[in-house]
>>> print(open('work_37.tsv').read())   # TSV, C-alpha atoms
chain	number	residue	atom	x	y	z
T	735	MET	CA	78.62	100.79	92.26
T	736	GLU	CA	80.21	104.00	91.15
T	737	SER	CA	82.10	105.80	93.87
T	738	ALA	CA	80.74	109.19	94.97
T	739	ARG	CA	82.61	112.28	93.88
T	740	TRP	CA	83.42	113.35	97.46
T	741	ILE	CA	85.01	109.96	98.08
T	742	GLU	CA	87.19	110.25	95.01
T	743	GLN	CA	88.31	113.70	96.21
T	744	VAL	CA	90.05	111.99	99.12
T	745	LYS	CA	93.70	111.37	98.32
T	746	TRP	CA	93.94	107.63	98.91
T	747	ASP	CA	97.41	106.23	99.59
T	748	ASP	CA	99.09	103.48	97.56
T	749	ALA	CA	97.25	100.86	99.60
T	750	GLY	CA	93.91	102.58	98.96
T	751	LEU	CA	93.69	103.81	102.56
T	752	VAL	CA	93.39	107.09	104.44
T	753	PRO	CA	94.36	107.70	108.08
T	754	VAL	CA	91.45	108.58	110.38
T	755	ILE	CA	91.43	110.37	113.73
T	756	ALA	CA	88.40	109.86	115.99
T	757	GLN	CA	87.70	112.66	118.43
T	758	ASP	CA	84.97	112.97	121.04
T	759	ALA	CA	82.61	115.63	119.68
T	760	ILE	CA	81.85	117.05	123.13
T	761	SER	CA	85.02	116.73	125.24
T	762	GLY	CA	87.43	117.10	122.33
T	763	HIS	CA	89.48	114.14	123.59
T	764	VAL	CA	91.32	112.31	120.83
T	765	LEU	CA	90.08	108.75	121.24
T	766	MET	CA	91.77	106.64	118.60
T	767	PHE	CA	93.47	106.46	115.24
T	768	ALA	CA	92.66	103.98	112.48
T	769	TRP	CA	92.41	103.58	108.70
T	770	MET	CA	89.62	103.52	106.14
T	771	ASN	CA	89.34	102.40	102.54
T	772	ARG	CA	86.72	103.75	100.13
T	773	GLU	CA	84.11	101.24	101.22
T	774	ALA	CA	84.65	101.96	104.92
T	775	LEU	CA	84.31	105.71	104.36
T	776	ALA	CA	81.19	105.25	102.25
T	777	LYS	CA	79.60	103.02	104.89
T	778	THR	CA	80.56	105.43	107.67
T	779	ALA	CA	78.84	108.29	105.89
T	780	ALA	CA	75.82	106.19	104.97
T	781	CYS	CA	75.10	104.61	108.36
T	782	GLY	CA	76.41	107.40	110.63
T	783	GLU	CA	78.63	105.02	112.60
T	784	ALA	CA	82.38	104.59	112.26
T	785	VAL	CA	83.43	101.74	110.00
T	786	TYR	CA	87.19	101.29	109.63
T	787	TRP	CA	89.47	99.03	107.61
T	788	SER	CA	91.40	96.66	109.84
T	789	ARG	CA	94.88	96.35	108.35
T	790	SER	CA	95.71	93.36	110.56
T	791	ARG	CA	92.51	91.42	109.86
T	792	LYS	CA	92.23	92.77	106.30
T	793	LYS	CA	88.51	93.38	106.54
T	794	LEU	CA	85.95	96.05	107.33
T	795	TRP	CA	85.61	96.73	111.03
T	796	HIS	CA	82.38	98.23	112.27
T	797	LYS	CA	83.77	99.73	115.45
T	798	GLY	CA	81.89	98.38	118.49
T	799	GLU	CA	80.43	95.40	116.65
T	800	GLU	CA	81.65	93.10	119.46
T	801	SER	CA	81.78	95.42	122.46
T	802	GLY	CA	78.69	97.48	121.65
T	803	HIS	CA	80.87	100.59	121.84
T	804	LEU	CA	79.70	102.07	118.57
T	805	GLN	CA	80.85	105.49	117.43
T	806	LYS	CA	78.05	107.80	116.28
T	807	VAL	CA	79.44	110.24	113.75
T	808	LYS	CA	78.59	113.90	114.37
T	809	GLU	CA	80.98	115.46	111.85
T	810	LEU	CA	83.15	114.15	109.07
T	811	ARG	CA	86.13	116.36	108.23
T	812	LEU	CA	88.97	116.29	105.71
T	813	ASP	CA	92.30	118.09	105.96
T	814	CYS	CA	93.92	120.65	103.66
T	815	ASP	CA	95.78	118.01	101.64
T	816	ASN	CA	92.71	115.74	101.37
T	817	ASP	CA	94.68	112.86	102.84
T	818	VAL	CA	93.56	112.65	106.49
T	819	VAL	CA	90.02	112.27	107.87
T	820	LEU	CA	88.81	113.53	111.23
T	821	LEU	CA	85.65	112.06	112.76
T	822	LYS	CA	83.89	113.92	115.54
T	823	ILE	CA	81.92	111.26	117.33
T	824	GLU	CA	79.81	110.27	120.26
T	825	GLN	CA	81.49	107.24	121.82
T	826	LEU	CA	78.85	104.84	123.11
T	827	GLY	CA	79.84	103.27	126.44
T	828	GLY	CA	82.45	105.99	126.94
T	829	VAL	CA	85.26	103.60	126.01
T	830	ALA	CA	87.09	103.66	122.67
T	831	CYS	CA	90.17	101.61	123.56
T	832	HIS	CA	90.29	97.81	123.62
T	833	THR	CA	92.10	98.11	126.99
T	834	GLY	CA	88.89	99.53	128.50
T	835	ARG	CA	90.09	103.12	128.62
T	836	GLU	CA	88.26	106.12	127.18
T	837	SER	CA	91.11	106.88	124.79
T	838	CYS	CA	93.89	104.87	123.19
T	839	PHE	CA	96.34	107.68	124.02
T	840	PHE	CA	96.85	106.80	127.67
T	841	LYS	CA	100.66	106.69	127.79
T	842	GLN	CA	102.47	109.93	128.49
T	843	LEU	CA	106.19	110.56	128.23
T	844	LYS	CA	107.52	111.55	131.66
T	845	HIS	CA	111.14	111.34	132.73
T	846	ASN	CA	112.01	109.38	129.59
T	847	GLU	CA	109.38	106.75	130.26
T	848	TRP	CA	105.91	106.04	128.86
T	849	GLN	CA	103.72	106.23	131.95
T	850	PHE	CA	100.07	105.08	132.05
T	851	VAL	CA	98.05	108.17	132.98
T	852	GLU	CA	94.43	107.21	132.27
T	853	PRO	CA	92.22	104.80	134.24
T	854	VAL	CA	90.66	101.58	132.98
T	855	LEU	CA	86.89	102.23	132.98
T	856	LYS	CA	85.75	98.79	131.92
T	857	LYS	CA	87.48	95.42	132.11
T	858	PRO	CA	88.27	94.02	128.67
T	859	GLU	CA	86.72	90.65	129.63
T	860	GLU	CA	83.45	92.45	130.32
T	861	MET	CA	83.65	94.18	126.96
T	862	TYR	CA	84.41	91.17	124.82
T	863	GLY	CA	83.21	88.25	126.95
T	864	LYS	CA	85.40	85.39	128.15
T	865	LYS	CA	86.70	83.12	125.45
D	736	MET	CA	124.29	108.10	119.21
D	737	GLU	CA	122.37	105.29	120.83
D	738	SER	CA	118.62	105.68	120.66
D	739	ALA	CA	116.77	106.11	123.95
D	740	ARG	CA	114.76	103.17	125.26
D	741	TRP	CA	111.44	105.09	125.09
D	742	ILE	CA	112.08	105.84	121.43
D	743	GLU	CA	112.71	102.19	120.63
D	744	GLN	CA	109.43	101.31	122.39
D	745	VAL	CA	107.60	103.13	119.62
D	746	LYS	CA	106.50	100.71	116.91
D	747	TRP	CA	108.06	102.31	113.83
D	748	ASP	CA	106.57	101.38	110.48
D	749	ASP	CA	108.51	99.83	107.59
D	750	ALA	CA	109.64	103.30	106.50
D	751	GLY	CA	110.84	104.09	110.03
D	752	LEU	CA	107.98	106.52	110.63
D	753	VAL	CA	105.14	106.99	113.08
D	754	PRO	CA	101.94	109.02	112.49
D	755	VAL	CA	101.54	112.07	114.72
D	756	ILE	CA	98.41	114.01	115.67
D	757	ALA	CA	98.87	117.57	116.94
D	758	GLN	CA	96.13	118.86	119.22
D	759	ASP	CA	95.75	122.26	120.88
D	760	ALA	CA	96.41	121.61	124.57
D	761	ILE	CA	93.82	124.18	125.70
D	762	SER	CA	90.95	124.12	123.18
D	763	GLY	CA	91.31	120.45	122.28
D	764	HIS	CA	91.07	121.27	118.56
D	765	VAL	CA	92.86	118.80	116.33
D	766	LEU	CA	95.24	121.02	114.37
D	767	MET	CA	97.18	118.78	112.04
D	768	PHE	CA	98.54	115.36	111.22
D	769	ALA	CA	102.11	114.58	110.21
D	770	TRP	CA	104.87	111.99	110.53
D	771	MET	CA	108.04	111.60	112.58
D	772	ASN	CA	111.10	109.42	112.35
D	773	ARG	CA	113.28	108.58	115.35
D	774	GLU	CA	115.37	111.71	114.98
D	775	ALA	CA	112.31	113.96	114.73
D	776	LEU	CA	110.78	112.45	117.86
D	777	ALA	CA	114.05	112.73	119.77
D	778	LYS	CA	114.44	116.38	118.76
D	779	THR	CA	110.81	117.14	119.62
D	780	ALA	CA	111.29	115.76	123.12
D	781	ALA	CA	114.67	117.44	123.57
D	782	CYS	CA	113.75	120.96	122.40
D	783	GLY	CA	110.07	121.00	123.41
D	784	GLU	CA	108.94	122.07	119.94
D	785	ALA	CA	107.38	119.89	117.26
D	786	VAL	CA	109.84	118.56	114.70
D	787	TYR	CA	108.33	116.36	112.00
D	788	TRP	CA	109.66	114.33	109.10
D	789	SER	CA	108.52	115.76	105.77
D	790	ARG	CA	107.79	112.81	103.50
D	791	SER	CA	107.58	115.05	100.41
D	792	ARG	CA	110.81	116.95	101.08
D	793	LYS	CA	112.50	113.96	102.72
D	794	LYS	CA	113.99	115.98	105.55
D	795	LEU	CA	113.37	117.10	109.11
D	796	TRP	CA	110.80	119.85	109.37
D	797	HIS	CA	110.92	122.07	112.43
D	798	LYS	CA	107.29	123.21	112.29
D	799	GLY	CA	107.10	127.01	112.08
D	800	GLU	CA	110.70	127.45	110.97
D	801	GLU	CA	109.52	129.68	108.10
D	802	SER	CA	106.25	131.10	109.42
D	803	GLY	CA	107.28	131.50	113.05
D	804	HIS	CA	104.28	129.36	113.99
D	805	LEU	CA	106.18	127.02	116.27
D	806	GLN	CA	104.40	124.35	118.28
D	807	LYS	CA	105.35	124.24	121.95
D	808	VAL	CA	104.89	120.70	123.24
D	809	LYS	CA	102.91	120.41	126.47
D	810	GLU	CA	102.38	116.63	126.46
D	811	LEU	CA	103.72	113.77	124.41
D	812	ARG	CA	101.44	110.73	124.30
D	813	LEU	CA	101.58	107.26	122.75
D	814	ASP	CA	98.66	104.98	121.94
D	815	CYS	CA	97.84	101.47	123.14
D	816	ASP	CA	99.61	99.82	120.20
D	817	ASN	CA	102.67	102.09	120.46
D	818	ASP	CA	102.27	103.09	116.83
D	819	VAL	CA	100.65	106.55	116.96
D	820	VAL	CA	101.88	109.69	118.75
D	821	LEU	CA	99.66	112.49	120.06
D	822	LEU	CA	101.19	115.90	120.79
D	823	LYS	CA	99.32	118.35	122.96
D	824	ILE	CA	100.70	121.69	121.99
D	825	GLU	CA	100.51	125.45	122.22
D	826	GLN	CA	100.28	126.73	118.64
D	827	LEU	CA	102.21	130.00	118.35
D	828	GLY	CA	100.41	132.51	116.11
D	829	GLY	CA	97.19	130.51	116.45
D	830	VAL	CA	97.60	129.06	112.96
D	831	ALA	CA	98.73	125.50	112.26
D	832	CYS	CA	97.65	125.16	108.62
D	833	HIS	CA	99.65	126.46	105.66
D	834	THR	CA	96.37	127.90	104.31
D	835	GLY	CA	96.33	130.33	107.24
D	836	ARG	CA	93.62	128.53	109.19
D	837	GLU	CA	93.86	127.43	112.82
D	838	SER	CA	93.44	123.77	111.88
D	839	CYS	CA	94.09	121.71	108.76
D	840	PHE	CA	90.71	120.02	109.22
D	841	PHE	CA	88.58	122.81	107.77
D	842	LYS	CA	86.54	120.83	105.24
D	843	GLN	CA	83.34	119.25	106.44
D	844	LEU	CA	81.17	116.77	104.58
D	845	LYS	CA	77.73	118.29	104.07
D	846	HIS	CA	75.22	117.19	101.44
D	847	ASN	CA	77.85	114.98	99.79
D	848	GLU	CA	80.30	117.85	99.39
D	849	TRP	CA	83.41	118.95	101.24
D	850	GLN	CA	82.52	122.45	102.41
D	851	PHE	CA	85.04	124.93	103.86
D	852	VAL	CA	83.80	125.70	107.38
D	853	GLU	CA	86.73	127.50	109.06
D	854	PRO	CA	87.97	131.04	108.41
D	855	VAL	CA	91.40	132.04	107.12
D	856	LEU	CA	93.05	133.90	110.00
D	857	LYS	CA	96.24	134.91	108.25
D	858	LYS	CA	97.06	135.26	104.58
D	859	PRO	CA	99.62	132.68	103.42
D	860	GLU	CA	101.69	135.41	101.72
D	861	GLU	CA	102.00	137.14	105.12
D	862	MET	CA	103.08	133.88	106.73
D	863	TYR	CA	105.70	132.86	104.20
D	864	GLY	CA	106.60	136.11	102.44
D	865	LYS	CA	106.29	136.73	98.72
D	866	LYS	CA	108.56	134.67	96.56
>>> encode(input="work_37.tsv", output="structure tokens")
Amino acid sequence: MESARWIEQVKWDDAGLVPVIAQDAISGHVLMFAWMNREALAKTAACGEAVYWSRSRKKLWHKGEESGHLQKVKELRLDCDNDVVLLKIEQLGGVACHTGRESCFFKQLKHNEWQFVEPVLKKPEEMYGKK
Amino acid sequence: MESARWIEQVKWDDAGLVPVIAQDAISGHVLMFAWMNREALAKTAACGEAVYWSRSRKKLWHKGEESGHLQKVKELRLDCDNDVVLLKIEQLGGVACHTGRESCFFKQLKHNEWQFVEPVLKKPEEMYGKK
């Protein structure tokens, strides 16, 4: 399939990826950061749910496929240099992080230490089941 | 100089960099995305203003050094995997983007096109002077 023009306008890096920031569309909280390849971005736009490229597992990752915590895309944005994507989303379940917190950015630098400043809302074993 | 423990806890990539998201501390708007190396992060924490690593110019980049649009750091956050930094900042001059817009994320996907959806607040030639 030929790639859409708007997808080719993204400046893909040498690995064929683009960094992606996911932000809660209502609260404005930055929830997570991940990567997409062309196929992930195309699928995200087509189905209206965030689909990333997992660099560790080397495969497409439909966010929430295991936990049910899908991300409904409200806006898809691109930056001035065409090399970073911003998703404004509705986070189903209210939890984006695999630790069970709303956001992955829960460590804050205080007194030269990374301190945990956000609560766990859901236990990971509830999210992913016991294995 | 020996690197601080909290800096070594960041998971630096193969190029010695970490991706950084800058967010307005009050409005929650995501303003820009850039990179830091160890020295940039140390300087950012020490001086309370965002200092990035410019990958194109291959040198430290004290944001706003030319335009006066410094970024005062209110919070410094790290994600669950220790490989992405989030800065909550006060954006002096109200403009983070070199195009004169508040945010770099001013293109929105609509009808399979990237449409410009944010106004230019300051002309670039006013920000950087005529050369």
>>> closest_residue(input="work_37.tsv", among="D:Gly835, D:Phe841, D:Arg812, D:Glu825", to="Glu852 in chain T", atoms="only C-alpha atoms")
D:Arg812
>>> residues_around(input="work_37.tsv", residues="Ser737 in chain T", least_positions_apart="2", cutoff="10 Å", atoms="only C-alpha atoms", output="list in words")
Met735, Arg739, Trp740, Ile741, Glu742, Arg772, Glu773 and Ala776 of chain T
>>> residues_around(input="work_37.tsv", residues="Val830 in chain D", least_positions_apart="6", cutoff="8 Å", atoms="only C-alpha atoms", output="ChimeraX atom specification")
/D:804,836-838,856-857
>>> residues_near_point(input="work_37.tsv", point="(88.2, 93.2, 127.9)", cutoff="12 Å", atoms="all atoms listed in the file", output="MDAnalysis selection string")
chainID T and resid 800:801 829:835 854:865
>>> closest_residue(input="work_37.tsv", among="D:Asn772, D:Leu766, D:Val786, D:Leu795", to="Cys814 in chain T", atoms="only C-alpha atoms")
D:Leu766
>>> closest_atom_pairs(input="work_37.tsv", of="chain D", to="chain T", cutoff="6 Å", atoms="all atoms listed in the file", output="tab-separated table")
residue	atom	partner	partner_atom	distance
D:Trp741	CA	T:Glu847	CA	5.8
D:Gly763	CA	T:Gly762	CA	5.1
D:Leu811	CA	T:Leu843	CA	5.6
D:Arg812	CA	T:Gln842	CA	4.4
D:Leu813	CA	T:Lys841	CA	5.2
D:Asp814	CA	T:Phe839	CA	4.1
D:Cys815	CA	T:Cys838	CA	5.2
D:Cys839	CA	T:Asp813	CA	4.9
D:Phe840	CA	T:Asp813	CA	4.1
D:Lys842	CA	T:Leu812	CA	5.2
D:Gln843	CA	T:Arg811	CA	4.4
D:Leu844	CA	T:Leu810	CA	5.6
D:Glu848	CA	T:Trp740	CA	5.8
>>> calpha_fit_and_write(input="work_37.tsv", fixed="chain D", moving="chain T", output="mmCIF file with C-alpha atoms, in the coordinates of the input")
data_model
loop_
_atom_site.group_PDB
_atom_site.id
_atom_site.type_symbol
_atom_site.label_atom_id
_atom_site.label_comp_id
_atom_site.auth_asym_id
_atom_site.auth_seq_id
_atom_site.Cartn_x
_atom_site.Cartn_y
_atom_site.Cartn_z
ATOM 1 C CA MET T 735 124.283 108.092 119.266
ATOM 2 C CA GLU T 736 122.367 105.272 120.827
ATOM 3 C CA SER T 737 118.623 105.673 120.647
ATOM 4 C CA ALA T 738 116.768 106.103 123.952
ATOM 5 C CA ARG T 739 114.755 103.183 125.240
ATOM 6 C CA TRP T 740 111.442 105.085 125.089
ATOM 7 C CA ILE T 741 112.075 105.833 121.422
ATOM 8 C CA GLU T 742 112.714 102.195 120.632
ATOM 9 C CA GLN T 743 109.438 101.306 122.387
ATOM 10 C CA VAL T 744 107.597 103.134 119.614
ATOM 11 C CA LYS T 745 106.504 100.715 116.912
ATOM 12 C CA TRP T 746 108.070 102.308 113.845
ATOM 13 C CA ASP T 747 106.560 101.378 110.481
ATOM 14 C CA ASP T 748 108.484 99.846 107.573
ATOM 15 C CA ALA T 749 109.613 103.310 106.505
ATOM 16 C CA GLY T 750 110.851 104.088 110.024
ATOM 17 C CA LEU T 751 107.986 106.521 110.649
ATOM 18 C CA VAL T 752 105.128 106.994 113.097
ATOM 19 C CA PRO T 753 101.946 109.010 112.487
ATOM 20 C CA VAL T 754 101.541 112.067 114.727
ATOM 21 C CA ILE T 755 98.419 114.009 115.681
ATOM 22 C CA ALA T 756 98.873 117.578 116.947
ATOM 23 C CA GLN T 757 96.136 118.861 119.216
ATOM 24 C CA ASP T 758 95.753 122.249 120.869
ATOM 25 C CA ALA T 759 96.408 121.617 124.566
ATOM 26 C CA ILE T 760 93.822 124.171 125.699
ATOM 27 C CA SER T 761 90.959 124.124 123.168
ATOM 28 C CA GLY T 762 91.329 120.453 122.273
ATOM 29 C CA HIS T 763 91.069 121.284 118.559
ATOM 30 C CA VAL T 764 92.865 118.795 116.338
ATOM 31 C CA LEU T 765 95.236 121.010 114.376
ATOM 32 C CA MET T 766 97.190 118.791 112.024
ATOM 33 C CA PHE T 767 98.531 115.360 111.221
ATOM 34 C CA ALA T 768 102.101 114.562 110.199
ATOM 35 C CA TRP T 769 104.872 111.969 110.527
ATOM 36 C CA MET T 770 108.030 111.594 112.582
ATOM 37 C CA ASN T 771 111.101 109.400 112.360
ATOM 38 C CA ARG T 772 113.292 108.562 115.359
ATOM 39 C CA GLU T 773 115.378 111.694 114.984
ATOM 40 C CA ALA T 774 112.326 113.956 114.724
ATOM 41 C CA LEU T 775 110.788 112.439 117.859
ATOM 42 C CA ALA T 776 114.056 112.724 119.765
ATOM 43 C CA LYS T 777 114.452 116.371 118.758
ATOM 44 C CA THR T 778 110.828 117.125 119.628
ATOM 45 C CA ALA T 779 111.300 115.751 123.121
ATOM 46 C CA ALA T 780 114.662 117.444 123.570
ATOM 47 C CA CYS T 781 113.754 120.956 122.407
ATOM 48 C CA GLY T 782 110.059 120.999 123.406
ATOM 49 C CA GLU T 783 108.934 122.076 119.935
ATOM 50 C CA ALA T 784 107.388 119.886 117.256
ATOM 51 C CA VAL T 785 109.851 118.563 114.703
ATOM 52 C CA TYR T 786 108.331 116.351 112.006
ATOM 53 C CA TRP T 787 109.657 114.327 109.086
ATOM 54 C CA SER T 788 108.514 115.759 105.775
ATOM 55 C CA ARG T 789 107.782 112.805 103.503
ATOM 56 C CA SER T 790 107.582 115.043 100.427
ATOM 57 C CA ARG T 791 110.812 116.949 101.085
ATOM 58 C CA LYS T 792 112.489 113.942 102.733
ATOM 59 C CA LYS T 793 113.982 115.978 105.542
ATOM 60 C CA LEU T 794 113.365 117.084 109.106
ATOM 61 C CA TRP T 795 110.804 119.848 109.378
ATOM 62 C CA HIS T 796 110.904 122.067 112.425
ATOM 63 C CA LYS T 797 107.299 123.197 112.280
ATOM 64 C CA GLY T 798 107.107 127.008 112.077
ATOM 65 C CA GLU T 799 110.712 127.439 110.976
ATOM 66 C CA GLU T 800 109.539 129.681 108.100
ATOM 67 C CA SER T 801 106.267 131.093 109.404
ATOM 68 C CA GLY T 802 107.293 131.487 113.043
ATOM 69 C CA HIS T 803 104.286 129.360 113.988
ATOM 70 C CA LEU T 804 106.180 127.021 116.267
ATOM 71 C CA GLN T 805 104.401 124.350 118.271
ATOM 72 C CA LYS T 806 105.351 124.240 121.957
ATOM 73 C CA VAL T 807 104.875 120.716 123.238
ATOM 74 C CA LYS T 808 102.905 120.407 126.482
ATOM 75 C CA GLU T 809 102.377 116.637 126.454
ATOM 76 C CA LEU T 810 103.722 113.772 124.420
ATOM 77 C CA ARG T 811 101.445 110.727 124.300
ATOM 78 C CA LEU T 812 101.579 107.264 122.747
ATOM 79 C CA ASP T 813 98.646 104.992 121.956
ATOM 80 C CA CYS T 814 97.834 101.474 123.151
ATOM 81 C CA ASP T 815 99.595 99.812 120.211
ATOM 82 C CA ASN T 816 102.663 102.085 120.482
ATOM 83 C CA ASP T 817 102.267 103.092 116.854
ATOM 84 C CA VAL T 818 100.648 106.555 116.954
ATOM 85 C CA VAL T 819 101.865 109.695 118.755
ATOM 86 C CA LEU T 820 99.665 112.485 120.065
ATOM 87 C CA LEU T 821 101.187 115.900 120.777
ATOM 88 C CA LYS T 822 99.319 118.350 122.966
ATOM 89 C CA ILE T 823 100.699 121.709 121.982
ATOM 90 C CA GLU T 824 100.500 125.441 122.212
ATOM 91 C CA GLN T 825 100.285 126.729 118.644
ATOM 92 C CA LEU T 826 102.198 129.991 118.347
ATOM 93 C CA GLY T 827 100.410 132.506 116.107
ATOM 94 C CA GLY T 828 97.192 130.509 116.443
ATOM 95 C CA VAL T 829 97.611 129.062 112.950
ATOM 96 C CA ALA T 830 98.736 125.492 112.243
ATOM 97 C CA CYS T 831 97.659 125.161 108.608
ATOM 98 C CA HIS T 832 99.661 126.438 105.639
ATOM 99 C CA THR T 833 96.375 127.889 104.290
ATOM 100 C CA GLY T 834 96.336 130.330 107.230
ATOM 101 C CA ARG T 835 93.631 128.529 109.175
ATOM 102 C CA GLU T 836 93.867 127.425 112.801
ATOM 103 C CA SER T 837 93.453 123.772 111.856
ATOM 104 C CA CYS T 838 94.105 121.703 108.754
ATOM 105 C CA PHE T 839 90.711 120.015 109.219
ATOM 106 C CA PHE T 840 88.594 122.802 107.770
ATOM 107 C CA LYS T 841 86.545 120.819 105.238
ATOM 108 C CA GLN T 842 83.337 119.239 106.454
ATOM 109 C CA LEU T 843 81.170 116.764 104.589
ATOM 110 C CA LYS T 844 77.719 118.291 104.063
ATOM 111 C CA HIS T 845 75.220 117.168 101.458
ATOM 112 C CA ASN T 846 77.849 114.973 99.806
ATOM 113 C CA GLU T 847 80.280 117.838 99.406
ATOM 114 C CA TRP T 848 83.420 118.942 101.257
ATOM 115 C CA GLN T 849 82.508 122.436 102.415
ATOM 116 C CA PHE T 850 85.028 124.929 103.861
ATOM 117 C CA VAL T 851 83.800 125.698 107.381
ATOM 118 C CA GLU T 852 86.717 127.495 109.053
ATOM 119 C CA PRO T 853 87.972 131.038 108.389
ATOM 120 C CA VAL T 854 91.393 132.047 107.098
ATOM 121 C CA LEU T 855 93.044 133.915 109.999
ATOM 122 C CA LYS T 856 96.235 134.919 108.247
ATOM 123 C CA LYS T 857 97.057 135.255 104.560
ATOM 124 C CA PRO T 858 99.610 132.685 103.422
ATOM 125 C CA GLU T 859 101.690 135.425 101.733
ATOM 126 C CA GLU T 860 101.997 137.146 105.102
ATOM 127 C CA MET T 861 103.080 133.894 106.707
ATOM 128 C CA TYR T 862 105.709 132.878 104.203
ATOM 129 C CA GLY T 863 106.605 136.157 102.487
ATOM 130 C CA LYS T 864 106.253 136.831 98.767
ATOM 131 C CA LYS T 865 108.543 134.837 96.550
#
>>> residues_around(input="work_37.tsv", residues="Ile761 in chain D", least_positions_apart="4", cutoff="10 Å", atoms="all atoms listed in the file", output="PyMOL selection string")
chain D and resi 809+823-826
>>> axis_aligned_box(input="work_37.tsv", around="range 782-795 of chain D", padding_each_side="5 Å", output="lines of an AutoDock Vina configuration file")
center_x = 110.7
center_y = 117.4
center_z = 111.9
size_x = 16.6
size_y = 19.3
size_z = 33.0
>>> atom_distance(input="work_37.tsv", atom1="CA of Ala775 in chain D", atom2="CA of Ala760 in chain D")
20.2 Å
>>> atom_distance(input="work_37.tsv", atom1="CA of Ala781 in chain D", atom2="CA of Lys746 in chain D")
19.8 Å
>>> residues_around(input="work_37.tsv", residues="Trp787 in chain T", least_positions_apart="5", cutoff="6 Å", atoms="all atoms listed in the file", output="count of residues only")
5
>>> atom_distance(input="work_37.tsv", atom1="CA of Lys777 in chain T", atom2="CA of Pro854 in chain D")
29.5 Å
>>> residues_around(input="work_37.tsv", residues="Glu783 in chain T", least_positions_apart="5", cutoff="6 Å", atoms="all atoms listed in the file", output="list in words")
Thr778, Gln805, Lys806 and Val807 of chain T
>>> build_atoms(input="work_37.tsv", residues="range 768-779 of chain D", atoms="N, CA and C atoms", output="short mmCIF file (atom, residue, chain, number, x, y, z; two decimals), keeping the file's coordinate frame")
data_model
loop_
_atom_site.label_atom_id
_atom_site.label_comp_id
_atom_site.auth_asym_id
_atom_site.auth_seq_id
_atom_site.Cartn_x
_atom_site.Cartn_y
_atom_site.Cartn_z
N PHE D 768 98.06 116.74 111.20
CA PHE D 768 98.54 115.36 111.22
C PHE D 768 99.83 115.33 110.41
N ALA D 769 100.85 114.65 110.94
CA ALA D 769 102.11 114.58 110.21
C ALA D 769 102.83 113.29 110.61
N TRP D 770 104.10 113.20 110.24
CA TRP D 770 104.87 111.99 110.53
C TRP D 770 106.18 112.36 111.22
N MET D 771 106.71 111.43 111.99
CA MET D 771 108.04 111.60 112.58
C MET D 771 108.86 110.34 112.35
N ASN D 772 110.18 110.55 112.23
CA ASN D 772 111.10 109.42 112.35
C ASN D 772 111.76 109.51 113.74
N ARG D 773 112.66 108.60 114.02
CA ARG D 773 113.28 108.58 115.35
C ARG D 773 113.94 109.91 115.70
N GLU D 774 114.65 110.46 114.72
CA GLU D 774 115.37 111.71 114.98
C GLU D 774 114.40 112.86 115.26
N ALA D 775 113.31 112.91 114.52
CA ALA D 775 112.31 113.96 114.73
C ALA D 775 111.70 113.86 116.13
N LEU D 776 111.39 112.64 116.53
CA LEU D 776 110.78 112.45 117.86
C LEU D 776 111.78 112.81 118.96
N ALA D 777 113.02 112.40 118.78
CA ALA D 777 114.05 112.73 119.77
C ALA D 777 114.23 114.24 119.89
N LYS D 778 114.27 114.92 118.75
CA LYS D 778 114.44 116.38 118.76
C LYS D 778 113.23 117.07 119.38
N THR D 779 112.04 116.57 119.05
CA THR D 779 110.81 117.14 119.62
C THR D 779 110.85 117.08 121.15
#
